[in-house]
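File shown: data_29.cif. Contents: mmCIF, C-alpha atoms and all ligand atoms.
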```cif
data_entry
#
loop_
_atom_site.label_atom_id
_atom_site.label_comp_id
_atom_site.auth_asym_id
_atom_site.auth_seq_id
_atom_site.Cartn_x
_atom_site.Cartn_y
_atom_site.Cartn_z
CA MET Y 1 13.19 -27.29 -7.24
CA VAL Y 2 13.39 -23.50 -6.83
CA GLU Y 3 12.79 -21.49 -10.00
CA VAL Y 4 15.51 -18.90 -9.85
CA LEU Y 5 14.97 -15.80 -11.98
CA TYR Y 6 18.40 -14.32 -11.20
CA SER Y 7 21.18 -16.23 -9.46
CA GLU Y 8 23.68 -14.83 -7.00
CA SER Y 9 26.29 -14.50 -9.76
CA ASP Y 10 23.80 -12.79 -12.12
CA LEU Y 11 23.10 -10.24 -9.38
CA LYS Y 12 26.78 -9.66 -8.68
CA LYS Y 13 27.43 -8.91 -12.35
CA VAL Y 14 24.52 -6.46 -12.55
CA VAL Y 15 25.56 -4.62 -9.38
CA THR Y 16 29.12 -4.30 -10.72
CA GLU Y 17 27.75 -2.78 -13.94
CA LEU Y 18 25.52 -0.35 -12.05
CA ALA Y 19 28.45 0.80 -9.89
CA ALA Y 20 30.54 1.37 -13.02
CA ALA Y 21 27.76 3.47 -14.59
CA ILE Y 22 27.39 5.56 -11.42
CA ALA Y 23 31.17 6.00 -11.27
CA VAL Y 24 31.22 7.44 -14.80
CA ASP Y 25 28.83 10.19 -13.67
CA PHE Y 26 30.13 10.81 -10.14
CA LYS Y 27 33.89 10.11 -10.18
CA GLY Y 28 35.68 12.56 -7.85
CA LYS Y 29 32.40 13.82 -6.38
CA SER Y 30 30.62 13.20 -3.12
CA VAL Y 31 27.42 11.19 -3.18
CA LEU Y 32 24.77 10.34 -0.62
CA LEU Y 33 23.23 6.94 -1.33
CA LEU Y 34 19.73 7.09 0.11
CA GLY Y 35 18.38 3.56 0.54
CA LEU Y 36 14.67 2.79 0.83
CA LEU Y 37 14.06 0.34 3.66
CA LYS Y 38 13.66 -2.42 4.01
CA GLY Y 39 14.08 -4.00 0.59
CA CYS Y 40 17.18 -2.08 -0.48
CA GLN Y 41 19.50 -3.62 2.10
CA PRO Y 42 21.44 -6.41 0.31
CA PHE Y 43 21.50 -4.41 -2.93
CA LEU Y 44 22.70 -1.23 -1.23
CA ALA Y 45 25.41 -3.10 0.70
CA ASP Y 46 26.73 -4.77 -2.47
CA LEU Y 47 26.51 -1.50 -4.42
CA CYS Y 48 28.56 0.27 -1.71
CA ARG Y 49 31.23 -2.43 -1.86
CA GLU Y 50 31.43 -2.14 -5.65
CA LEU Y 51 31.57 1.67 -5.48
CA SER Y 52 34.52 1.46 -3.09
CA CYS Y 53 36.62 0.47 -6.15
CA HIS Y 54 35.85 3.87 -7.70
CA GLN Y 55 36.88 7.34 -6.56
CA ILE Y 56 33.65 8.51 -5.02
CA ASP Y 57 33.25 10.13 -1.62
CA LEU Y 58 30.36 8.02 -0.36
CA ALA Y 59 27.84 8.47 2.45
CA VAL Y 60 24.80 6.32 3.17
CA ASP Y 61 21.45 7.08 4.75
CA TYR Y 62 17.96 5.61 4.71
CA LEU Y 63 14.28 6.40 4.45
CA GLN Y 64 11.61 3.99 5.59
CA VAL Y 65 9.05 3.81 2.80
CA SER Y 66 5.96 1.65 2.41
CA SER Y 67 3.25 1.37 -0.21
CA TYR Y 68 2.67 -2.34 -0.68
CA VAL Y 69 -0.01 -4.45 0.93
CA GLY Y 70 0.60 -8.16 0.16
CA THR Y 71 1.50 -8.31 -3.54
CA ALA Y 72 -0.07 -5.04 -4.76
CA SER Y 73 0.66 -1.33 -4.45
CA SER Y 74 -1.86 0.54 -2.27
CA GLY Y 75 -1.13 3.62 -4.42
CA LYS Y 76 -0.29 5.57 -1.24
CA VAL Y 77 3.38 6.07 -0.39
CA ALA Y 78 4.32 6.67 3.26
CA ILE Y 79 7.78 8.16 3.88
CA LYS Y 80 9.41 8.09 7.31
CA GLN Y 81 12.76 9.81 7.87
CA ILE Y 82 15.31 7.75 9.80
CA ALA Y 83 18.20 10.26 9.94
CA ALA Y 84 18.19 12.44 13.05
CA ASP Y 85 19.32 15.55 11.16
CA ASP Y 86 16.61 17.31 9.11
CA SER Y 87 19.17 18.85 6.77
CA PHE Y 88 20.81 15.58 5.69
CA CYS Y 89 19.91 16.08 1.99
CA GLN Y 90 20.87 19.74 1.74
CA GLN Y 91 23.30 20.59 -1.08
CA ARG Y 92 24.07 16.88 -1.56
CA ASN Y 93 24.25 14.78 -4.71
CA VAL Y 94 21.69 12.16 -3.74
CA ILE Y 95 21.12 8.80 -5.40
CA VAL Y 96 17.91 7.15 -4.20
CA VAL Y 97 18.45 3.37 -4.15
CA ASP Y 98 15.53 0.94 -4.26
CA ASP Y 99 15.15 -2.75 -4.94
CA ILE Y 100 12.40 -2.56 -7.55
CA PHE Y 101 10.54 -0.06 -9.73
CA ASP Y 102 6.94 -1.16 -10.28
CA THR Y 103 4.26 1.56 -10.63
CA GLY Y 104 7.00 4.16 -10.02
CA LEU Y 105 4.90 5.90 -7.35
CA THR Y 106 7.45 5.24 -4.60
CA LEU Y 107 10.43 6.63 -6.48
CA LYS Y 108 8.47 9.61 -7.78
CA GLU Y 109 7.34 10.52 -4.26
CA VAL Y 110 10.81 10.07 -2.75
CA VAL Y 111 12.59 12.03 -5.49
CA SER Y 112 10.20 14.98 -4.90
CA TRP Y 113 10.74 14.68 -1.13
CA VAL Y 114 14.54 14.75 -1.55
CA LEU Y 115 14.39 17.83 -3.80
CA GLU Y 116 12.04 19.59 -1.36
CA ASN Y 117 14.60 18.83 1.34
CA GLY Y 118 17.28 20.80 -0.48
CA ALA Y 119 19.36 18.30 -2.47
CA ALA Y 120 21.69 19.79 -5.10
CA GLN Y 121 20.70 16.98 -7.47
CA VAL Y 122 18.89 13.68 -7.23
CA LYS Y 123 19.21 10.52 -9.30
CA SER Y 124 17.61 7.14 -8.84
CA CYS Y 125 18.99 3.62 -9.00
CA VAL Y 126 17.00 0.40 -8.93
CA LEU Y 127 18.05 -3.20 -9.27
CA LEU Y 128 14.87 -4.30 -11.05
CA SER Y 129 12.15 -2.65 -13.12
CA LYS Y 130 8.85 -4.37 -13.94
CA SER Y 131 7.85 -4.13 -17.60
CA GLY Y 132 4.66 -2.29 -18.45
CA CYS Y 133 3.74 -1.25 -14.88
CA ASN Y 134 4.99 2.36 -14.74
CA ARG Y 135 2.16 4.74 -13.77
CA THR Y 136 4.37 7.85 -13.76
CA GLU Y 137 6.28 9.93 -16.28
CA MET Y 138 9.63 9.15 -14.64
CA THR Y 139 12.10 6.33 -15.30
CA PRO Y 140 15.01 5.34 -13.05
CA ASP Y 141 18.38 6.87 -14.00
CA TYR Y 142 20.22 3.60 -13.32
CA CYS Y 143 18.37 0.31 -13.77
CA GLY Y 144 19.87 -3.18 -13.46
CA LEU Y 145 17.32 -5.54 -15.02
CA GLU Y 146 13.92 -5.40 -16.71
CA ILE Y 147 11.69 -8.18 -15.39
CA PRO Y 148 8.23 -9.48 -16.30
CA ALA Y 149 5.26 -8.09 -14.34
CA ALA Y 150 5.34 -10.81 -11.66
CA PHE Y 151 5.79 -10.60 -7.91
CA VAL Y 152 9.39 -11.42 -7.06
CA VAL Y 153 11.12 -12.20 -3.77
CA GLY Y 154 14.66 -12.66 -2.47
CA TYR Y 155 17.77 -10.45 -2.19
CA GLY Y 156 15.87 -8.07 0.12
CA LEU Y 157 12.48 -8.40 -1.55
CA ASP Y 158 9.82 -9.91 0.67
CA TYR Y 159 6.32 -11.31 0.78
CA ASN Y 160 4.91 -10.42 4.20
CA GLU Y 161 8.49 -10.18 5.56
CA LYS Y 162 9.54 -13.62 4.23
CA TYR Y 163 12.27 -14.51 1.69
CA ARG Y 164 14.42 -11.36 2.14
CA GLU Y 165 17.39 -13.55 3.08
CA LEU Y 166 17.55 -15.48 -0.19
CA PRO Y 167 20.76 -14.73 -2.11
CA TYR Y 168 18.90 -15.02 -5.43
CA ILE Y 169 15.65 -13.64 -6.89
CA LYS Y 170 12.70 -15.85 -7.75
CA ILE Y 171 9.08 -15.37 -8.79
CA LEU Y 172 6.63 -15.99 -5.95
CA THR Y 173 4.44 -18.99 -6.78
CA GLU Y 174 0.78 -19.33 -5.82
CA ASN Y 175 1.27 -22.01 -3.15
CA GLU Y 176 3.82 -19.95 -1.12
P1 LIG Y 201 6.12 1.11 -6.79
O1 LIG Y 201 4.84 0.51 -7.30
O2 LIG Y 201 5.86 2.26 -5.89
O3 LIG Y 201 6.69 -0.07 -5.91
O4 LIG Y 201 7.11 1.39 -7.88
C1 LIG Y 201 7.95 0.00 -5.34
C2 LIG Y 201 7.96 -0.72 -4.02
O5 LIG Y 201 6.99 -1.77 -3.97
C3 LIG Y 201 7.53 -2.96 -3.51
N1 LIG Y 201 7.43 -3.96 -4.60
C4 LIG Y 201 7.74 -5.25 -4.49
N2 LIG Y 201 8.22 -5.96 -3.45
N3 LIG Y 201 8.27 -7.90 -4.79
C5 LIG Y 201 8.47 -7.30 -3.61
O6 LIG Y 201 8.92 -7.94 -2.68
C6 LIG Y 201 7.79 -7.27 -5.88
O7 LIG Y 201 7.62 -7.88 -6.94
C7 LIG Y 201 7.50 -5.86 -5.71
N4 LIG Y 201 7.02 -4.90 -6.55
C8 LIG Y 201 7.01 -3.75 -5.83
C9 LIG Y 201 8.94 -2.66 -3.11
O8 LIG Y 201 8.94 -2.45 -1.73
C10 LIG Y 201 9.29 -1.37 -3.81
O9 LIG Y 201 10.07 -0.55 -2.99
#
```

Write the structure described by the file as structure tokens, please.
Ligand code: XMP
Amino acid sequence: MVEVLYSESDLKKVVTELAAAIAVDFKGKSVLLLGLLKGCQPFLADLCRELSCHQIDLAVDYLQVSSYVGTASSGKVAIKQIAADDSFCQQRNVIVVDDIFDTGLTLKEVVSWVLENGAAQVKSCVLLSKSGCNRTEMTPDYCGLEIPAAFVVGYGLDYNEKYRELPYIKILTENE
């Protein structure tokens, strides 16, 4: 038996709600969704599809970001730019999209990076946020679900590159 924390249909509902909230703020505007690889992928793809129902001029780009070793944050966030063009953030409305907000160090670092790279404004959107783990003064602008402080996998989230393909989210158990 797999202990599912959020099923495929739970996730679909949450992503629809997040897209609707973003649409309220950005209807008629252009937005660059900046996904943090690799965990953002299924979430970002579903969010894009949901946003296509709203009148937003959408572009997508990615940063490769890493901070986790096994199931804990190393506290050091490494950002690697994927886009060829250095000016890809300039004068854009950027929404940084990540799978999960834990200590907040990743999002804080990336938001600063985006502003330093000339964005007109930057917001953040996460699918999940872990309760009681935030080590920063920031909170995500759009947040799907608050979860307990456990290590979760599935829907893009991995443990040593495993489980990303699961269509649901579950808590990693000790014997996995
Ligand atoms: P911070 O602590 O910087 O962490 O907010 C954000 C990044 O850490 C990874 N992360 C997880 N990955 N299950 C995962 O598979 C988890 O429970 C988890 N918690 C944090 C993730 O890469 C995220 O971008």

Exercise for review: Grab the CA of Val97 in chain Y to CA of Leu127 in chain Y distance for me, in Å with one decimal place.
Suggested key: 8.3 Å

Practice item. Rank Y:Thr106, Y:Thr71, Y:Ser112, Y:Thr136 by their smallest atom-to-atom distance to Glu174 in chain Y, using only C-alpha atoms, and report the top residue only. Key: Y:Thr71

Practice item. Select, counting only C-alpha atoms, all protein, DNA and RNA residues no farther than 10 Å from (21.7, 15.0, -4.3) in file coordinates, and express the selection as number ranges by chain. Key: Y: 30-34, 89-96, 111, 114-115, 117-124

Review point. Within 9 Å of range 139-155 of chain Y, counting all atoms listed in the file, which residues qualify if same-chain residues fewer than 4 places away don't, as number ranges by chain?
Key: Y: 5, 8, 11, 14-15, 17-18, 21-22, 39-43, 71-72, 99, 101-102, 104, 107-108, 123-134, 159, 162-173

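When only C-alpha atoms and all ligand atoms are used to compute distances to ligand LIG 201 (chain Y), the closest of the residues Y:Phe26, Y:Tyr68, Y:Phe88, Y:Tyr62 turns out to be Y:Tyr68.
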
Check your understanding: For Gln55 in chain Y, which of Y:Ile100, Y:Val4, Y:Ala20, Y:Val110 is the closest residue, counting all atoms listed in the file?
Key -> Y:Ala20

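For the pair CA of Asp61 in chain Y and CA of Ile82 in chain Y, the interatomic distance is 8.0 Å.
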
**Study point:** Two-atom distance - CA of Asp25 in chain Y, CA of Glu137 in chain Y (Å)
**Key:** 22.7 Å

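Of the residues listed (Y:Ala59, Y:Leu47, Y:Cys53, Y:Val69), Y:Val69 shows the shortest atom-to-atom separation from ligand LIG 201 (chain Y); distances use all atoms listed in the file.
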
Review point. Got a sec to check which residues sit within 9 Å of (28.3, 3.6, -0.4), counting all atoms listed in the file, and write them as a count of residues only?
Key: 17

How big is the axis-aligned box, and where does its centre sit, when it encloses all atoms of range 9-26 of chain Y listed in the file and has 4 Å added on every side, reported in Å to one decimal as JSON?
```
{"center_x": 27.2, "center_y": -1.8, "center_z": -11.7, "size_x": 16.1, "size_y": 33.3, "size_z": 14.1}
```

Revision key, fill the gap. Counting all atoms listed in the file, the residue among Y:Trp113, Y:Gly70, Y:Asn175, Y:Gln81 that lies closest to ligand LIG 201 (chain Y) is Y:Gly70

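For the choices Y:Ala78, Y:Leu157, Y:Met138, Y:Val24, the atom-to-atom distance to ligand LIG 201 (chain Y) is smallest for Y:Leu157 when using all atoms listed in the file.
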